[in-house]
Every structure is written in C-alpha cells, then in structure tokens.
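Q: To start, I am sharing the structure in question, which I have written as structure tokens.
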Amino acid sequence: MSTLSAGEVLQARYASFKQKQCNDDVSIENTVSKTTTNTSIELPSEIKELITGNDFWVNAKSNRYKKLIREGHLDKLLALANMAHSKNSPANWFAKACSKAMWERTLDYFAKLKEVARKAEHVARRLGVQINKFIYKMIWRGVNVVRWAATAEEVSHNKPGQSRERHFAWLCLREQRL
C-alpha cells in the first residue's frame with residue numbers, strides 16, 4: 001500500500017467535487033429548458049378572434065394578453081371579451097381596455113363591479129327578494145341602498161299594497177330626486 005500525501009488527497013477530492021458540480025449544472029440546465037418549453041400559454045378562442053391588425057400587432061397583442069393571463073387575469077380577459085361583443089368595434093375596444101395605459105382603470109372597474117354585486121346581494125337579502133335591475137341601477141347611481149334597505153326592513157308593512165320592496169323603491173327614488 002502506498003500512502004498518499006495530503007496534497008494528493010486534496011487534489012483527488014477537489015477533482016471529484018468539480019466533476020460532481022459540472023454534472024449538477026448540466027442537470028439544472030436540462031430541468032430549466034424542459035420547464036420553459038412547457039409553459040407556453042394558448043389564448044382562448046374568444047380572445048384570439050379579437051386580435052386584429054398586421055403581424056406585428058397580432059404578435060404584440062398576443063404577447064400582452066399572454067402576460068396578463070400569466071399574472072392571473074384570465075377571468076377578467078374573458079369577461080372583457082364578452083363585453084366587447086356589444087360594442088361598435090369589439091377588437092378596438094378590447095385592445096384599449098387591455099392596454100398598458102388603461103389596465104389599472106380596467107382593474108378598478110372590476111373591483112367596483114365586485115363591490116356592486118356584493119351590495120346588491122346584501123340589499124336583496126335584507127329585503128327578502130331576488131337581485132333585480134332596479135337594485136343594480138340604484139347602486140350604480142350612488143344611492144345609499146344599504147341604508148334604505150335597513151329602513152324598509154324595520155318598518156312594518158301590514159296594510160294591503162305595502163311591501164318592503166315598494167318602500168325601498170320609494171326611498172331610493174326620493175333620495176335621487178333630492
């Protein structure tokens with residue numbers, strides 16, 4: 001048996017360490033390249049049909065919409081695509097609503113839409129009715145519907161022709177006139 005010097009032992013360990021490190025780098029590169037190919041996003045057909053223009057703009061808009069989907073806004077994009085069909089030029093309206101300049105405003109709109117739906121559900125529950133267009137209309141006009149729903153709920157309606165809904169409507173319309 002031959003004895004190895006301390007320098008030779010260290011060189012052998014360093015060589016095995018360096019080889020192991022090179023193997024790990026190759027496996028990390030393979031893992032990264034595998035994951036990047038699998039993350040391609042396919043745009044839904046509702047959104048694809050709203051992308052118009054020459055190849056440059058189609059590519060730019062597609063990339064923008066894919067970025068928004070990666071950020072978790074797919075449901076908002078689909079809702080905007082459905083809204084766009086009621087506009088005069090759906091593709092232009094959709095592109096503007098999803099543009100960088102307008103996206104914060106669009107997000108604010110969706111936040112307000114969620115708040116309106118929450119208020120409408122609360123008012124309908126207080127009145128004991130289903131959510132209807134009148135409730136939404138009053139909320140969008142800025143009428144204090146929660147206050148009037150509570151008032152209509154507290155007042156007794158035991159005479160013929162009286163109801164919580166009618167009293168609520170009267171209060172809302174009265175506030176709107178004033």
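By order in the structure tokens, chains are A, B, ...; within a chain, residues start at 1; ligands start at 1, following the order shown.
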Quick check for you: according to DSSP on this backbone, which residues of region 35-98 of chain A are classed as helix (DSSP H, G or I)? Reply as JSON, numbers by chain.
A: {"A": [35, 36, 37, 38, 45, 46, 47, 48, 55, 56, 57, 58, 59, 60, 61, 62, 63, 64, 65, 66, 67, 68, 69, 70, 74, 75, 76, 77, 78, 79, 80, 81, 82, 83, 84, 90, 91, 92, 93, 94, 95, 96, 97]}
Q: Got a sec: who's within 9 Å of region 167-178 of chain A, counting only C-alpha atoms, leaving out chain neighbours fewer than 6 positions off, as a list in words?
A: Leu127, Phe134, Ile135, Met138, Arg141, Gly142, Val143, Asn144, Val145, Trp148, Ala149, Ala150, Thr151, Ala152, Glu153, Val155 and His157 of chain A
Q: By how many Å are CA of Ala91 (chain A) and CA of Thr52 (chain A) apart?
A: 6.7 Å
Q: Please provide the set of residues having any atom within 9 Å of Leu77 (chain A), restricted to only C-alpha atoms, with same-chain residues fewer than 6 positions apart removed, written as a list in words.
A: Ile47, Tyr65, Leu68, Ile69, Phe94 and Cys98 of chain A
Q: For each of A:Ala79, A:Ala84, A:Ile41, A:Leu50, take the minimum atom-to-atom distance to Asn63 (chain A), counting only C-alpha atoms, then give the residue where this is smallest.
A: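 Looking only at the distances to Asn63 (chain A), the closest residue turns out to be A:Ile41.
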Q: My list of candidates is A:Gln162, A:Ala97, A:Lys119, A:Met102. Which is closest to Met83 (chain A) when distances are computed with only C-alpha atoms?
A: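 Residue with the minimum atom-to-atom distance to Met83 (chain A): A:Ala97.
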